[in-house]
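Asks: Can you keep this structure in mind? I'll have questions shortly.
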Amino acid sequence: QVQLVESGGGLVQAGDSLRLSCAASGRTFTMFNMGWFRQAPGKEREFVAAVSWSGGSTTYANSVKGRFTISRDNAKNTLYLQMNLLKPEDTAVYYCASRSSTRGNIYYFPANTMDSWGQGTQVTVSS
């Protein structure tokens with residue numbers, strides 16, 4: 001498994017931007033497809049975005065499409081989530097997750113199929 005540590009969360013106003021980072025260690029980063037999930041209070045963890053092991057393919061939840069961009073730097077073993085035009089409904093704890101690329105592509109990426117999780121980083125968007 002790979003160890004994951006998120007950073008970059010914070011308190012911002014609606015319309016602002018944030019960039020989350022997820023540093024990976026322990027295994028070869030390019031063995032894994034990577035994703036971001038989020039969980040708001042009282043709600044289930046939901047998919048946000050995923051990127052293939054090479055970075056060549058991405059997919060997004062409809063709620064963030066056009067506002068968020070997922071990317072990865074395999075030389076730095078780091079995953080990113082650029083979040084623009086933030087809304088109060090984006091408030092949640094954001095988690096990065098990994099799944100071995102041998103276990104399927106990013107177009108079916110439910111939370112219960114992930115191999116590893118980070119500890120999460122809080123994003124709060126005020127109106």
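Ligands are numbered from 1 in the order shown, residues from 1 within each chain, and chains are lettered A, B, ... in the order they appear in the structure tokens.
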If we count only C-alpha atoms and set the cut-off at 10 Å, which residues sit around Ser52 (chain A), ignoring sequence neighbours fewer than 2 positions away in its own chain? Please answer as a PyMOL selection string.
Replies: chain A and resi 30-35+50+54-59+71-72+99+101+105-107
Asks: Can you build me a table of region 4-69 of chain A residues sitting at most 7 Å from region 109-118 of chain A, with the closest atom pair per residue and its distance in Å to one decimal, using only C-alpha atoms, sorted by chain and residue number, as a Markdown table?
Replies:
```
| residue | atom | partner | partner_atom | distance |
| --- | --- | --- | --- | --- |
| A:Leu4 | CA | A:Gly118 | CA | 4.6 |
| A:Val5 | CA | A:Gly118 | CA | 5.2 |
| A:Glu6 | CA | A:Gly118 | CA | 6.2 |
| A:Phe47 | CA | A:Pro110 | CA | 6.9 |
```
Asks: Next, write the just-selected residues to a file, as a PDB file, in the first residue's frame, keeping all heavy atoms as the atom set.
Replies:
```pdb
ATOM      1  N   LEU A   4      -0.478   8.181   2.291  1.00  0.00           N
ATOM      2  CA  LEU A   4      -0.959   9.422   1.679  1.00  0.00           C
ATOM      3  C   LEU A   4      -1.151  10.498   2.740  1.00  0.00           C
ATOM      4  O   LEU A   4      -1.731  10.224   3.804  1.00  0.00           O
ATOM      5  CB  LEU A   4      -2.291   9.162   0.975  1.00  0.00           C
ATOM      6  CG  LEU A   4      -2.282   8.063  -0.094  1.00  0.00           C
ATOM      7  CD1 LEU A   4      -3.705   7.755  -0.546  1.00  0.00           C
ATOM      8  CD2 LEU A   4      -1.421   8.457  -1.265  1.00  0.00           C
ATOM      9  N   VAL A   5      -0.673  11.710   2.440  1.00  0.00           N
ATOM     10  CA  VAL A   5      -0.818  12.834   3.367  1.00  0.00           C
ATOM     11  C   VAL A   5      -1.295  14.053   2.588  1.00  0.00           C
ATOM     12  O   VAL A   5      -0.582  14.555   1.704  1.00  0.00           O
ATOM     13  CB  VAL A   5       0.510  13.163   4.073  1.00  0.00           C
ATOM     14  CG1 VAL A   5       0.321  14.359   5.002  1.00  0.00           C
ATOM     15  CG2 VAL A   5       1.024  11.955   4.847  1.00  0.00           C
ATOM     16  N   GLU A   6      -2.502  14.529   2.946  1.00  0.00           N
ATOM     17  CA  GLU A   6      -3.081  15.694   2.285  1.00  0.00           C
ATOM     18  C   GLU A   6      -2.641  16.982   2.971  1.00  0.00           C
ATOM     19  O   GLU A   6      -2.336  16.996   4.161  1.00  0.00           O
ATOM     20  CB  GLU A   6      -4.611  15.643   2.296  1.00  0.00           C
ATOM     21  CG  GLU A   6      -5.234  14.432   1.659  1.00  0.00           C
ATOM     22  CD  GLU A   6      -5.598  13.368   2.665  1.00  0.00           C
ATOM     23  OE1 GLU A   6      -4.949  13.337   3.735  1.00  0.00           O
ATOM     24  OE2 GLU A   6      -6.489  12.550   2.383  1.00  0.00           O
ATOM     25  N   PHE A  47     -17.414  10.789  -4.277  1.00  0.00           N
ATOM     26  CA  PHE A  47     -16.367  10.924  -5.292  1.00  0.00           C
ATOM     27  C   PHE A  47     -16.309  12.362  -5.800  1.00  0.00           C
ATOM     28  O   PHE A  47     -17.346  12.997  -6.031  1.00  0.00           O
ATOM     29  CB  PHE A  47     -16.660   9.969  -6.445  1.00  0.00           C
ATOM     30  CG  PHE A  47     -15.806  10.169  -7.652  1.00  0.00           C
ATOM     31  CD1 PHE A  47     -14.504   9.690  -7.674  1.00  0.00           C
ATOM     32  CD2 PHE A  47     -16.295  10.833  -8.761  1.00  0.00           C
ATOM     33  CE1 PHE A  47     -13.704   9.856  -8.793  1.00  0.00           C
ATOM     34  CE2 PHE A  47     -15.513  11.009  -9.887  1.00  0.00           C
ATOM     35  CZ  PHE A  47     -14.211  10.524  -9.904  1.00  0.00           C
TER      36      PHE A  47
END
```
Asks: For Ser126 (chain A), work out the shell of residues within 9 Å, counting only C-alpha atoms and skipping chain neighbours fewer than 5 positions away, then give it as a PyMOL selection string.
Replies: chain A and resi 11-14+87-88+91
Asks: Pull the strand (DSSP E or B) assignments for region 61-93 of chain A out of DSSP run on the backbone, and list those residues as a PyMOL selection string.
Replies: chain A and resi 68-73+78-83+92-93
Asks: Gly10 (chain A): which residues within 10 Å, counting only C-alpha atoms, same-chain residues fewer than 5 positions away excluded, as a PyMOL selection string?
Replies: chain A and resi 18-20+91+121-125
Asks: Please save all heavy atoms of the selected residues as a PDB file, in the first residue's frame.
Replies:
```pdb
ATOM      1  N   LEU A  18      -8.541  27.246  -4.108  1.00  0.00           N
ATOM      2  CA  LEU A  18      -7.613  26.526  -3.242  1.00  0.00           C
ATOM      3  C   LEU A  18      -6.977  25.417  -4.057  1.00  0.00           C
ATOM      4  O   LEU A  18      -7.607  24.892  -4.987  1.00  0.00           O
ATOM      5  CB  LEU A  18      -8.338  25.886  -2.056  1.00  0.00           C
ATOM      6  CG  LEU A  18      -8.550  26.659  -0.763  1.00  0.00           C
ATOM      7  CD1 LEU A  18      -9.328  25.778   0.223  1.00  0.00           C
ATOM      8  CD2 LEU A  18      -7.261  27.138  -0.158  1.00  0.00           C
ATOM      9  N   ARG A  19      -5.766  25.051  -3.683  1.00  0.00           N
ATOM     10  CA  ARG A  19      -5.143  23.874  -4.278  1.00  0.00           C
ATOM     11  C   ARG A  19      -4.761  22.905  -3.165  1.00  0.00           C
ATOM     12  O   ARG A  19      -3.989  23.240  -2.267  1.00  0.00           O
ATOM     13  CB  ARG A  19      -3.898  24.216  -5.099  1.00  0.00           C
ATOM     14  CG  ARG A  19      -3.388  23.008  -5.880  1.00  0.00           C
ATOM     15  CD  ARG A  19      -2.218  23.317  -6.782  1.00  0.00           C
ATOM     16  NE  ARG A  19      -0.956  23.350  -6.073  1.00  0.00           N
ATOM     17  CZ  ARG A  19       0.220  23.146  -6.642  1.00  0.00           C
ATOM     18  NH1 ARG A  19       0.284  22.881  -7.944  1.00  0.00           N
ATOM     19  NH2 ARG A  19       1.334  23.221  -5.946  1.00  0.00           N
ATOM     20  N   LEU A  20      -5.317  21.724  -3.272  1.00  0.00           N
ATOM     21  CA  LEU A  20      -4.974  20.646  -2.344  1.00  0.00           C
ATOM     22  C   LEU A  20      -3.840  19.812  -2.926  1.00  0.00           C
ATOM     23  O   LEU A  20      -3.748  19.641  -4.137  1.00  0.00           O
ATOM     24  CB  LEU A  20      -6.184  19.751  -2.084  1.00  0.00           C
ATOM     25  CG  LEU A  20      -7.460  20.434  -1.592  1.00  0.00           C
ATOM     26  CD1 LEU A  20      -8.540  19.375  -1.327  1.00  0.00           C
ATOM     27  CD2 LEU A  20      -7.201  21.259  -0.366  1.00  0.00           C
ATOM     28  N   THR A  91     -17.946  22.755   0.982  1.00  0.00           N
ATOM     29  CA  THR A  91     -17.407  22.570   2.328  1.00  0.00           C
ATOM     30  C   THR A  91     -17.451  21.100   2.724  1.00  0.00           C
ATOM     31  O   THR A  91     -18.499  20.469   2.657  1.00  0.00           O
ATOM     32  CB  THR A  91     -18.205  23.408   3.334  1.00  0.00           C
ATOM     33  OG1 THR A  91     -18.014  24.801   3.045  1.00  0.00           O
ATOM     34  CG2 THR A  91     -17.749  23.128   4.764  1.00  0.00           C
ATOM     35  N   THR A 121      -8.218  16.660   4.757  1.00  0.00           N
ATOM     36  CA  THR A 121      -7.944  18.074   5.009  1.00  0.00           C
ATOM     37  C   THR A 121      -9.248  18.849   4.875  1.00  0.00           C
ATOM     38  O   THR A 121     -10.030  18.617   3.958  1.00  0.00           O
ATOM     39  CB  THR A 121      -6.861  18.622   4.054  1.00  0.00           C
ATOM     40  OG1 THR A 121      -6.514  19.953   4.422  1.00  0.00           O
ATOM     41  CG2 THR A 121      -7.312  18.588   2.595  1.00  0.00           C
ATOM     42  N   GLN A 122      -9.500  19.740   5.818  1.00  0.00           N
ATOM     43  CA  GLN A 122     -10.773  20.454   5.875  1.00  0.00           C
ATOM     44  C   GLN A 122     -10.779  21.631   4.901  1.00  0.00           C
ATOM     45  O   GLN A 122      -9.836  22.434   4.883  1.00  0.00           O
ATOM     46  CB  GLN A 122     -11.028  20.977   7.294  1.00  0.00           C
ATOM     47  CG  GLN A 122     -12.288  21.803   7.445  1.00  0.00           C
ATOM     48  CD  GLN A 122     -13.555  20.988   7.334  1.00  0.00           C
ATOM     49  OE1 GLN A 122     -13.677  19.927   7.949  1.00  0.00           O
ATOM     50  NE2 GLN A 122     -14.516  21.470   6.560  1.00  0.00           N
ATOM     51  N   VAL A 123     -11.847  21.718   4.132  1.00  0.00           N
ATOM     52  CA  VAL A 123     -12.096  22.874   3.271  1.00  0.00           C
ATOM     53  C   VAL A 123     -13.426  23.478   3.700  1.00  0.00           C
ATOM     54  O   VAL A 123     -14.442  22.791   3.727  1.00  0.00           O
ATOM     55  CB  VAL A 123     -12.150  22.473   1.788  1.00  0.00           C
ATOM     56  CG1 VAL A 123     -12.600  23.653   0.929  1.00  0.00           C
ATOM     57  CG2 VAL A 123     -10.792  21.956   1.330  1.00  0.00           C
ATOM     58  N   THR A 124     -13.384  24.757   4.048  1.00  0.00           N
ATOM     59  CA  THR A 124     -14.591  25.455   4.460  1.00  0.00           C
ATOM     60  C   THR A 124     -14.762  26.690   3.588  1.00  0.00           C
ATOM     61  O   THR A 124     -13.844  27.510   3.478  1.00  0.00           O
ATOM     62  CB  THR A 124     -14.519  25.878   5.933  1.00  0.00           C
ATOM     63  OG1 THR A 124     -14.289  24.726   6.748  1.00  0.00           O
ATOM     64  CG2 THR A 124     -15.812  26.553   6.364  1.00  0.00           C
ATOM     65  N   VAL A 125     -15.932  26.783   2.954  1.00  0.00           N
ATOM     66  CA  VAL A 125     -16.224  27.895   2.057  1.00  0.00           C
ATOM     67  C   VAL A 125     -17.369  28.702   2.658  1.00  0.00           C
ATOM     68  O   VAL A 125     -18.481  28.182   2.827  1.00  0.00           O
ATOM     69  CB  VAL A 125     -16.595  27.402   0.655  1.00  0.00           C
ATOM     70  CG1 VAL A 125     -16.786  28.582  -0.291  1.00  0.00           C
ATOM     71  CG2 VAL A 125     -15.528  26.453   0.112  1.00  0.00           C
TER      72      VAL A 125
END
```
Asks: Between A:Phe37, A:Gly26, A:Lys43, A:Val93, which is the closest to Val64 (chain A) once you count only C-alpha atoms?
Replies: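 Of A:Phe37, A:Gly26, A:Lys43, A:Val93, the one nearest Val64 (chain A) is A:Phe37, counting only C-alpha atoms.
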Asks: Using only C-alpha atoms, which residues sit within 6 Å of region 66-69 of chain A once same-chain residues fewer than 5 positions away are excluded, as a PyMOL selection string?
Replies: chain A and resi 81-84
Asks: Next, dump the selected residues to file, keeping only N, CA and C atoms, as a PDB file, in the first residue's frame.
Replies:
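The resulting file, out.pdb, is reproduced below:
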```pdb
ATOM      1  N   LEU A  81      -5.372  18.829  -6.424  1.00  0.00           N
ATOM      2  CA  LEU A  81      -6.738  19.186  -6.783  1.00  0.00           C
ATOM      3  C   LEU A  81      -6.830  20.706  -6.763  1.00  0.00           C
ATOM      4  N   GLN A  82      -6.900  21.297  -7.940  1.00  0.00           N
ATOM      5  CA  GLN A  82      -7.093  22.734  -8.054  1.00  0.00           C
ATOM      6  C   GLN A  82      -8.579  23.014  -8.029  1.00  0.00           C
ATOM      7  N   MET A  83      -9.010  23.805  -7.057  1.00  0.00           N
ATOM      8  CA  MET A  83     -10.432  24.085  -6.877  1.00  0.00           C
ATOM      9  C   MET A  83     -10.676  25.571  -7.095  1.00  0.00           C
ATOM     10  N   ASN A  84     -11.441  25.891  -8.117  1.00  0.00           N
ATOM     11  CA  ASN A  84     -11.774  27.283  -8.437  1.00  0.00           C
ATOM     12  C   ASN A  84     -13.262  27.517  -8.251  1.00  0.00           C
TER      13      ASN A  84
END
```
Asks: Separation of CA of Asn74 (chain A) and CA of Tyr95 (chain A), in Å?
Replies: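 Here the two named atoms are 18.7 Å from each other.
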Asks: Name the closest residue to Leu79 (chain A) among the candidates A:Val2, A:Cys96, A:Ala49, A:Ala61; distances are taken between atoms, counting only C-alpha atoms.
Replies: A:Cys96
Asks: Here is a test: counting only C-alpha atoms, which residue of A:Ser98, A:Asn62, A:Thr78, A:Ser127 is nearest to Ser7 (chain A)?
Replies: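 That would be A:Thr78, the residue with the smallest distance to Ser7 (chain A).
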Asks: Nearest to Gly42 (chain A): which of A:Leu86, A:Ser100, A:Ala92, A:Ser21 is it, counting only C-alpha atoms?
Replies: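 Counting only C-alpha atoms, the residue closest to Gly42 (chain A) is A:Ala92.
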Asks: Can you work out which one of A:Gly104, A:Leu85, A:Val51, A:Phe29 has the shortest atom-to-atom distance to Ile70 (chain A), counting only C-alpha atoms?
Replies: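 Once distances to Ile70 (chain A) are computed over only C-alpha atoms, the minimum belongs to A:Val51.
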